[in-house]
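Trainee: My structure is stored as my_file-v8.csv, with CSV, C-alpha atoms.
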```
chain,number,residue,atom,x,y,z
A,6,MET,CA,153.1,212.1,205.7
A,7,ILE,CA,155.7,211.4,208.5
A,8,ASP,CA,154.6,214.5,210.3
A,9,GLY,CA,151.1,213.1,210.7
A,10,PHE,CA,152.5,210.1,212.7
A,11,TYR,CA,154.0,212.5,215.3
A,12,THR,CA,151.4,215.3,215.4
A,13,GLY,CA,148.3,213.1,214.8
A,14,GLY,CA,147.1,215.4,212.0
A,15,TRP,CA,145.6,212.8,209.8
A,16,ASP,CA,141.8,212.5,209.9
A,17,ASP,CA,141.8,209.7,207.3
A,18,ILE,CA,144.4,207.2,206.2
A,19,PRO,CA,146.4,208.7,203.3
A,20,TRP,CA,145.9,205.7,201.0
A,21,GLY,CA,147.5,207.6,198.1
A,22,ALA,CA,150.8,207.5,199.9
A,23,TRP,CA,150.4,204.0,201.0
A,24,ILE,CA,149.4,202.3,197.8
A,25,LYS,CA,152.9,202.1,196.3
A,26,PRO,CA,154.7,200.6,199.4
A,27,LEU,CA,151.7,198.2,199.9
A,28,LEU,CA,152.0,196.9,196.3
A,29,ILE,CA,155.8,196.5,196.6
A,30,TRP,CA,155.4,194.6,199.9
A,31,CYS,CA,152.7,192.4,198.4
A,32,VAL,CA,155.0,191.5,195.5
A,33,PHE,CA,157.8,190.8,198.0
A,34,ALA,CA,155.5,188.6,200.1
A,35,LEU,CA,154.4,186.6,197.1
A,36,VAL,CA,158.0,186.1,195.9
A,37,LEU,CA,159.0,185.1,199.5
A,38,TYR,CA,156.3,182.5,199.8
A,39,PHE,CA,157.0,181.2,196.3
A,40,VAL,CA,160.7,180.7,197.3
A,41,LEU,CA,159.5,178.9,200.5
A,42,LEU,CA,157.3,176.6,198.5
A,43,CYS,CA,160.2,175.8,196.2
A,44,ILE,CA,162.4,175.0,199.1
A,45,CYS,CA,159.6,172.8,200.6
A,46,ALA,CA,159.4,170.9,197.3
A,47,MET,CA,163.2,170.4,197.4
A,48,ILE,CA,163.4,169.1,200.9
A,49,ARG,CA,159.9,167.4,201.4
A,50,LYS,CA,161.1,163.9,200.6
A,51,GLN,CA,164.2,164.3,202.8
A,52,TRP,CA,162.2,165.5,205.8
A,53,VAL,CA,159.0,163.4,205.5
A,54,GLU,CA,160.3,160.1,204.2
A,55,ARG,CA,163.9,159.8,205.3
A,56,GLU,CA,164.2,161.8,208.5
A,57,ARG,CA,160.5,161.3,209.3
A,58,LEU,CA,160.3,164.6,211.1
A,59,THR,CA,157.3,164.8,213.5
A,60,PHE,CA,156.5,168.5,212.6
A,61,ARG,CA,155.7,169.5,216.1
A,62,ILE,CA,154.2,172.8,215.0
A,63,LEU,CA,151.3,170.7,213.7
A,64,GLU,CA,150.9,168.5,216.7
A,65,THR,CA,149.1,171.1,218.8
A,66,PRO,CA,146.4,172.1,216.2
A,67,LEU,CA,145.8,168.4,215.4
A,68,ALA,CA,145.3,167.7,219.1
A,69,MET,CA,143.0,170.6,219.4
A,70,ALA,CA,140.9,169.7,216.3
A,71,GLU,CA,140.7,166.0,217.1
A,72,GLU,CA,137.1,164.6,217.0
A,73,PRO,CA,135.8,164.0,220.5
A,74,LYS,CA,134.9,160.5,221.6
A,75,SER,CA,131.3,159.4,221.5
A,76,GLY,CA,129.5,160.7,224.5
A,77,TYR,CA,131.8,163.7,225.0
A,78,SER,CA,131.4,167.2,223.6
A,79,LEU,CA,135.1,168.0,224.0
A,80,ASN,CA,138.1,166.0,222.9
A,81,SER,CA,140.8,164.8,225.3
A,82,PHE,CA,142.9,168.0,224.7
A,83,PHE,CA,140.2,170.3,226.1
A,84,ARG,CA,139.2,167.8,228.8
A,85,ASN,CA,142.7,168.0,230.2
A,86,LYS,CA,142.9,170.2,233.3
A,87,MET,CA,146.4,171.3,232.5
A,88,THR,CA,145.2,172.9,229.2
A,89,TRP,CA,142.8,175.1,231.1
A,90,ILE,CA,145.3,175.9,233.8
A,91,GLY,CA,147.8,177.0,231.2
A,92,PHE,CA,145.2,178.9,229.3
A,93,SER,CA,144.1,180.7,232.5
A,94,MET,CA,147.6,181.6,233.4
A,95,CYS,CA,148.2,183.2,230.0
A,96,ILE,CA,144.9,185.1,230.1
A,97,PHE,CA,144.6,186.3,233.7
A,98,CYS,CA,148.2,186.6,234.8
B,240,MET,CA,146.0,161.2,215.2
B,241,PRO,CA,149.8,161.1,214.7
B,242,LEU,CA,151.0,163.3,211.9
B,243,GLN,CA,152.5,160.5,209.9
B,244,ASN,CA,149.1,158.8,209.8
B,245,TRP,CA,147.4,162.0,208.7
B,246,ILE,CA,150.0,162.5,205.9
B,247,SER,CA,149.3,158.9,204.8
B,248,HIS,CA,145.6,159.7,204.8
B,249,LEU,CA,146.2,162.7,202.5
B,250,MET,CA,148.3,160.6,200.1
B,251,ARG,CA,145.7,157.9,199.8
B,252,ASN,CA,143.3,157.6,196.8
B,253,LYS,CA,140.4,159.9,197.1
B,254,ASN,CA,138.0,157.0,196.6
B,255,ASP,CA,139.4,155.3,199.6
B,256,SER,CA,137.3,155.6,202.8
B,257,SER,CA,138.9,158.1,205.1
B,258,ASP,CA,137.8,160.0,208.2
B,259,ILE,CA,139.2,163.2,206.8
B,260,ASN,CA,137.1,165.1,204.3
B,261,PRO,CA,139.2,165.4,201.1
B,262,LYS,CA,137.4,168.7,200.3
B,263,SER,CA,139.6,170.8,202.6
B,264,PHE,CA,139.0,174.2,200.8
B,265,THR,CA,135.7,175.7,201.5
B,266,TRP,CA,134.8,179.4,201.3
B,267,LYS,CA,133.5,179.3,204.9
B,268,ALA,CA,136.9,178.3,206.2
B,269,ALA,CA,138.7,180.7,203.9
B,270,LEU,CA,136.6,183.6,205.0
B,271,ILE,CA,137.2,182.8,208.7
B,272,GLY,CA,140.9,182.4,208.0
B,273,ALA,CA,141.0,185.8,206.2
B,274,ALA,CA,139.1,187.4,209.0
B,275,ILE,CA,141.5,186.1,211.6
B,276,ILE,CA,144.5,187.3,209.5
B,277,GLY,CA,142.8,190.8,209.4
B,278,ILE,CA,142.4,190.8,213.2
B,279,ILE,CA,146.0,189.7,213.7
B,280,SER,CA,147.3,192.2,211.2
B,281,TYR,CA,145.5,195.0,213.1
B,282,LEU,CA,146.6,193.8,216.6
B,283,CYS,CA,150.3,193.0,215.8
B,284,PRO,CA,151.6,196.4,214.9
B,285,ILE,CA,149.7,197.9,217.9
B,286,ILE,CA,151.1,195.4,220.4
B,287,GLU,CA,154.6,195.2,218.9
B,288,GLN,CA,155.2,198.8,217.9
B,289,TYR,CA,153.1,200.8,220.3
B,290,GLU,CA,152.7,198.7,223.4
B,291,TRP,CA,156.0,196.9,223.3
B,292,GLU,CA,154.4,194.3,225.6
B,293,ILE,CA,155.0,190.9,224.0
B,294,ASP,CA,156.5,189.3,221.0
B,295,TYR,CA,153.2,188.4,219.5
B,296,THR,CA,154.2,186.5,216.4
B,297,ILE,CA,158.0,186.0,216.7
B,298,PRO,CA,158.2,182.7,218.7
B,299,ALA,CA,157.5,179.5,216.8
B,300,PRO,CA,154.7,178.6,216.8
B,301,PRO,CA,153.2,182.2,216.7
B,302,VAL,CA,151.3,182.9,219.9
B,303,SER,CA,148.6,184.8,218.1
B,304,VAL,CA,147.8,181.9,215.7
B,305,MET,CA,147.6,179.4,218.5
B,306,PHE,CA,145.4,181.7,220.5
B,307,PHE,CA,142.9,182.4,217.7
B,308,PHE,CA,142.9,178.7,216.7
B,309,PHE,CA,142.2,177.8,220.3
B,310,LEU,CA,139.1,180.2,220.2
B,311,VAL,CA,138.0,178.9,216.8
B,312,VAL,CA,138.1,175.3,218.0
B,313,ILE,CA,136.2,176.1,221.2
B,314,ILE,CA,133.5,178.0,219.3
B,315,ASN,CA,133.4,175.2,216.7
B,316,ALA,CA,132.9,172.6,219.5
B,317,LEU,CA,130.0,174.6,220.9
B,318,LEU,CA,128.5,175.2,217.5
B,319,HIS,CA,128.8,171.5,216.7
B,320,LYS,CA,126.4,170.7,219.6
B,321,SER,CA,123.7,173.1,218.3
B,322,SER,CA,124.2,172.7,214.5
B,323,ALA,CA,126.5,170.1,213.0
B,324,ARG,CA,126.0,171.5,209.5
B,325,LEU,CA,127.4,174.9,210.4
B,326,SER,CA,130.4,173.6,212.3
B,327,LEU,CA,133.8,173.1,210.7
B,328,ASN,CA,135.5,169.7,210.0
B,329,LEU,CA,139.1,168.8,210.7
B,330,SER,CA,140.3,169.7,207.2
B,331,GLU,CA,138.6,173.2,207.4
B,332,LEU,CA,140.1,173.8,210.8
B,333,LEU,CA,143.6,172.9,209.5
B,334,LEU,CA,143.0,175.2,206.5
B,335,ILE,CA,142.3,178.1,208.9
B,336,TYR,CA,145.4,177.2,210.9
B,337,ALA,CA,147.6,177.1,207.8
B,338,MET,CA,146.2,180.4,206.5
B,339,THR,CA,146.8,182.2,209.7
B,340,MET,CA,150.2,180.7,210.2
B,341,VAL,CA,151.2,182.0,206.7
B,342,GLY,CA,149.6,185.4,207.2
B,343,ALA,CA,150.6,186.2,210.7
B,344,PRO,CA,154.3,186.8,210.3
B,345,LEU,CA,153.8,189.2,207.4
B,346,CYS,CA,152.5,192.0,209.6
B,347,SER,CA,155.1,191.9,212.3
B,348,PHE,CA,158.7,191.4,213.2
B,349,GLY,CA,158.1,187.7,212.6
B,350,LEU,CA,158.7,188.5,208.9
B,351,VAL,CA,162.3,189.3,209.4
B,352,GLN,CA,163.1,187.4,212.6
B,353,PHE,CA,161.2,184.2,211.8
B,354,LEU,CA,160.0,183.8,208.3
B,355,ILE,CA,162.9,184.9,206.2
B,356,PRO,CA,165.6,183.1,208.2
B,357,THR,CA,163.5,179.9,207.7
B,358,MET,CA,164.5,179.9,204.1
B,359,VAL,CA,168.2,179.1,204.9
B,360,GLY,CA,167.4,176.7,207.7
B,361,PRO,CA,167.6,173.5,205.8
B,362,ILE,CA,170.9,174.6,204.1
B,363,HIS,CA,172.4,176.0,207.3
B,364,PHE,CA,171.8,172.8,209.2
B,365,ALA,CA,172.9,170.5,206.4
B,366,THR,CA,175.5,168.1,207.5
B,367,ALA,CA,177.0,164.9,206.2
B,368,GLU,CA,175.1,162.9,208.8
B,369,ASN,CA,171.6,164.1,207.7
B,370,MET,CA,172.6,163.9,204.0
B,371,ARG,CA,171.0,167.2,203.2
B,372,THR,CA,174.3,168.4,201.7
B,373,GLY,CA,174.1,165.9,198.9
B,374,LEU,CA,170.4,166.7,198.4
B,375,LEU,CA,171.1,170.4,197.9
B,376,ARG,CA,174.3,170.0,196.0
B,377,LYS,CA,172.4,169.4,192.8
B,378,HIS,CA,170.6,172.7,193.3
B,379,SER,CA,173.9,174.6,193.2
B,380,GLY,CA,172.2,178.0,192.3
B,381,VAL,CA,170.2,177.9,195.5
B,382,ARG,CA,173.2,176.9,197.6
B,383,ILE,CA,175.2,179.8,196.3
B,384,PHE,CA,172.3,182.2,196.9
B,385,CYS,CA,171.6,181.2,200.4
B,386,VAL,CA,174.9,180.7,202.1
B,387,ILE,CA,178.3,182.3,202.2
B,388,SER,CA,180.9,180.3,200.3
B,389,PRO,CA,184.1,179.5,202.2
B,390,ILE,CA,186.0,181.6,199.7
B,391,GLY,CA,183.7,184.6,200.3
B,392,LEU,CA,184.0,184.0,204.1
B,393,VAL,CA,187.8,184.2,203.9
B,394,ARG,CA,187.6,187.3,201.7
B,395,GLY,CA,185.3,188.9,204.3
B,396,ILE,CA,187.7,188.1,207.1
B,397,ARG,CA,190.7,189.4,205.3
B,398,ALA,CA,188.9,192.6,204.3
```
Turn the structure described in the file into structure tokens.
Mentor:
Amino acid sequence: MIDGFYTGGWDDIPWGAWIKPLLIWCVFALVLYFVLLCICAMIRKQWVERERLTFRILETPLAMAEEPKSGYSLNSFFRNKMTWIGFSMCIFC
Amino acid sequence: MPLQNWISHLMRNKNDSSDINPKSFTWKAALIGAAIIGIISYLCPIIEQYEWEIDYTIPAPPVSVMFFFFLVVIINALLHKSSARLSLNLSELLLIYAMTMVGAPLCSFGLVQFLIPTMVGPIHFATAENMRTGLLRKHSGVRIFCVISPIGLVRGIRA
């Protein structure tokens, strides 16, 4: 199967060879996320109630998904010129 | 809306009036999230392994998730003008974001450089000041699993 990666000899994906590693990785991913959920359950109170973390990783999507004010079709995040300047820089530069 | 207010909204009684729809899981949002995960899973190995152009999912937050969420929100805003029934509400959008955020690191280097190290973060940064040491001490099995004990560290240095 490795030869096919170098020589390009595969017409179709050899699912027979992939199925075992895929299943093992699926089990690994499920166990990984279960462990992460358990750690979240352990430290949730500490982070949310005592340290009152702001969870910056959620600030941006919340700002993006915010309901627009009446009379506007876009919210303040998308009406900000800096948003579009930054977006344009990423896309076109 | 500040995040603390949003968490307070979620913790309220469901009968309480709230501007966030309590029914956050809908099949429409789940299908869109699954489709985005499929696209990211296809693009990530090409960009990271073949093109070697950018770290597509390694930085936090993952660039790919933010980019696709940006597109979804823009399309949703346009859709909301034409048909409010078909558009997604805030809870559905956040479900899509959470799904893609969970799924994106699995198909890239983000799995080993970002996701797995996250597990030991709370324990690694535990100090007496933030009082996480006391919090985690009662879960001694996790502590032993996640960090090197001082005795093990000394043994490693001597070896």
Trainee: Report, in Å to a single decimal, how far apart CA of Ile276 (chain B) and CA of Phe308 (chain B) are.
Mentor: 11.3 Å
Trainee: Would you give me, as a ChimeraX atom specification, the residues of chain A that come within 9 Å of chain B, using all atoms listed in the file?
Mentor: /A:34,37-38,40-41,44,47-48,51,53,56-72,78-79,83
Trainee: Enter the distance from CA of Ser322 (chain B) to CA of Ala268 (chain B), in Å, rounded to one decimal.
Mentor: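 Those two atoms sit 16.2 Å apart.
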Trainee: What does the distance between CA of Ala365 (chain B) and CA of Gln352 (chain B) come to in Å, to one decimal place?
Mentor: 20.5 Å
Trainee: Could region 263-283 of chain B be completed with N, CA and C atoms and returned as an mmCIF file, in the frame of the given file?
Mentor:
```
data_model
loop_
_atom_site.group_PDB
_atom_site.id
_atom_site.type_symbol
_atom_site.label_atom_id
_atom_site.label_comp_id
_atom_site.auth_asym_id
_atom_site.auth_seq_id
_atom_site.Cartn_x
_atom_site.Cartn_y
_atom_site.Cartn_z
ATOM 1 N N SER B 263 139.133 169.995 201.455
ATOM 2 C CA SER B 263 139.600 170.800 202.600
ATOM 3 C C SER B 263 139.354 172.283 202.352
ATOM 4 N N PHE B 264 139.276 172.730 201.070
ATOM 5 C CA PHE B 264 139.000 174.200 200.800
ATOM 6 C C PHE B 264 137.557 174.423 200.732
ATOM 7 N N THR B 265 137.048 175.220 201.643
ATOM 8 C CA THR B 265 135.700 175.700 201.500
ATOM 9 C C THR B 265 135.725 177.217 201.767
ATOM 10 N N TRP B 266 134.775 177.904 201.159
ATOM 11 C CA TRP B 266 134.800 179.400 201.300
ATOM 12 C C TRP B 266 134.516 179.797 202.738
ATOM 13 N N LYS B 267 133.760 178.985 203.453
ATOM 14 C CA LYS B 267 133.500 179.300 204.900
ATOM 15 C C LYS B 267 134.798 179.346 205.656
ATOM 16 N N ALA B 268 135.619 178.313 205.469
ATOM 17 C CA ALA B 268 136.900 178.300 206.200
ATOM 18 C C ALA B 268 137.838 179.367 205.708
ATOM 19 N N ALA B 269 137.839 179.620 204.389
ATOM 20 C CA ALA B 269 138.700 180.700 203.900
ATOM 21 C C ALA B 269 138.354 182.039 204.386
ATOM 22 N N LEU B 270 137.055 182.295 204.494
ATOM 23 C CA LEU B 270 136.600 183.600 205.000
ATOM 24 C C LEU B 270 136.971 183.750 206.490
ATOM 25 N N ILE B 271 136.792 182.692 207.255
ATOM 26 C CA ILE B 271 137.200 182.800 208.700
ATOM 27 C C ILE B 271 138.664 182.974 208.820
ATOM 28 N N GLY B 272 139.443 182.252 208.010
ATOM 29 C CA GLY B 272 140.900 182.400 208.000
ATOM 30 C C GLY B 272 141.304 183.843 207.663
ATOM 31 N N ALA B 273 140.663 184.392 206.628
ATOM 32 C CA ALA B 273 141.000 185.800 206.200
ATOM 33 C C ALA B 273 140.612 186.773 207.279
ATOM 34 N N ALA B 274 139.487 186.520 207.950
ATOM 35 C CA ALA B 274 139.100 187.400 209.000
ATOM 36 C C ALA B 274 140.069 187.415 210.174
ATOM 37 N N ILE B 275 140.548 186.220 210.521
ATOM 38 C CA ILE B 275 141.500 186.100 211.600
ATOM 39 C C ILE B 275 142.830 186.801 211.224
ATOM 40 N N ILE B 276 143.246 186.635 209.974
ATOM 41 C CA ILE B 276 144.500 187.300 209.500
ATOM 42 C C ILE B 276 144.285 188.835 209.614
ATOM 43 N N GLY B 277 143.084 189.318 209.272
ATOM 44 C CA GLY B 277 142.800 190.800 209.400
ATOM 45 C C GLY B 277 142.923 191.231 210.829
ATOM 46 N N ILE B 278 142.369 190.449 211.762
ATOM 47 C CA ILE B 278 142.400 190.800 213.200
ATOM 48 C C ILE B 278 143.886 190.824 213.664
ATOM 49 N N ILE B 279 144.621 189.784 213.296
ATOM 50 C CA ILE B 279 146.000 189.700 213.700
ATOM 51 C C ILE B 279 146.832 190.840 213.103
ATOM 52 N N SER B 280 146.560 191.146 211.847
ATOM 53 C CA SER B 280 147.300 192.200 211.200
ATOM 54 C C SER B 280 147.011 193.575 211.823
ATOM 55 N N TYR B 281 145.832 193.720 212.397
ATOM 56 C CA TYR B 281 145.500 195.000 213.100
ATOM 57 C C TYR B 281 146.161 195.000 214.483
ATOM 58 N N LEU B 282 146.130 193.856 215.172
ATOM 59 C CA LEU B 282 146.600 193.800 216.600
ATOM 60 C C LEU B 282 148.155 193.832 216.638
ATOM 61 N N CYS B 283 148.801 193.139 215.695
ATOM 62 C CA CYS B 283 150.300 193.000 215.800
ATOM 63 C C CYS B 283 151.024 194.278 215.833
#
```
